[in-house]
Amino acid sequence: MDDDVRNIVLGVVATAVSGGFGWFTRTYLWRRALRRKQAFFGLPTGSDCLFVVNRQMGGTETSLHRNDAFALLEISALIKDCGATVQIVTHEARQGFGERAEFCVGGPASNSRTVAHLHSMLPGVRVDVSAEAGPDRGSIGVGGETYRMEPGLVEYVLLARLTTDQGARPVFLLSGQTANSNQAAARYLARHHERLARSYRGSGFCLLLKVVNSGAYGPDVTELVADVTAASRTPAAAAA
């Protein structure tokens with residue numbers, strides 16, 4: 001074998017080894033990212049989860065706002081990436097939590113399951129669900145502060161990962177003042193789940209988000225107002 005042939009053979013072998021190592025590295029990193037994503041959402045491959053839909057405020061018990069449907073699509077993509085399946089149920093479903101991951105969308109005025117989750121796991125949160133028009137209607141109270149919406153300008157939404165016993169599947173609560181803010185929370189979760197997983201390392205959290213100028217930007221411009229995890233878990237009477 002002359003030098004030219006030997007160099008060609010060595011080049012081919014080096015290319016093959018380098019390509020194989022690159023493929024192995026990419027596959028390893030992809031699988032590690034997938035495992036972290038599945039752990040954060042409580043969605044191992046082949047598992048089932050619940051998506052609890054609310055009713056459209058002012059509509060019938062079975063009507064769903066367009067933006068809430070878009071929130072479902074945002075979250076469905078995450079579920080599909082994890083290799084899990086979703087069961088869609090109405091907000092009146094009588095089921096426990098912890099056996100399956102759950103995504104619960106809508107504020108307490110339109111979702112009775114949200115009412116139960118707030119009462120059981122976020123007792124420090126107060127939402128004004130009065131039917132009368134007024135500046136406090138739909139406002140969110142937590143940590144001694146009251147967050148009032150200005151339709152089309154400022155809307156708030158709570159994004160929470162709720163956990164109970166170790167090993168139980170989490171509940172993701174997206175409780176907004178409007179359907180647009182519900183979709184904004186779903187989009188925020190889809191975009192930032194990796195950072196949230198690193199920050200909270202499997203524990204629960206409750207974040208208050210603000211949707212800015214929704215009349216012009218829809219659900220696209222969302223800001224983190226505060227981490228209200230501690231305040232939301234403290235009963236309002238005790239906090240006062």
# chains A, B, ... in the order shown; residues from 1 in each chain; ligands from 1

$ select_by_dssp --residues "region 17-212 of chain A" --states "strand (DSSP E or B)" --output "number ranges by chain"
A: 48-53, 85-90, 101-105, 126-127, 140-142, 145-147, 150, 154-162, 171-176, 205-212

$ closest_atom_pairs --of "region 35-107 of chain A" --to "region 217-220 of chain A" --cutoff "12 Å" --atoms "only C-alpha atoms" --output "tab-separated table"
residue	atom	partner	partner_atom	distance
A:Asn67	CA	A:Pro219	CA	9.0
A:Asp68	CA	A:Pro219	CA	11.3
A:Phe70	CA	A:Pro219	CA	10.4
A:Ala71	CA	A:Pro219	CA	10.1
A:Glu74	CA	A:Pro219	CA	11.8

$ atom_distance --atom1 "CA of Ala39 (chain A)" --atom2 "CA of Leu64 (chain A)"
29.7 Å

$ residues_around --residues "Ser232 (chain A)" --least-positions-apart "6" --cutoff "10 Å" --atoms "only C-alpha atoms" --output "ChimeraX atom specification"
/A:118,121-126,141-143,160,205-207,239

$ closest_residue --among "A:Ser112, A:Pro135, A:Phe172, A:Thr163" --to "Cys49 (chain A)" --atoms "only C-alpha atoms"
A:Phe172

$ select_by_dssp --residues "region 33-149 of chain A" --states "alpha helix (DSSP H)" --output "ChimeraX atom specification"
/A:33-41,66-81,112-121

$ closest_residue --among "A:Val53, A:Ser120, A:Phe40, A:Leu158" --to "Ser199 (chain A)" --atoms "only C-alpha atoms"
A:Phe40

$ residues_around --residues "Val52 (chain A)" --least-positions-apart "4" --cutoff "9 Å" --atoms "only C-alpha atoms" --output "number ranges by chain"
A: 87-93, 102-106, 111, 113
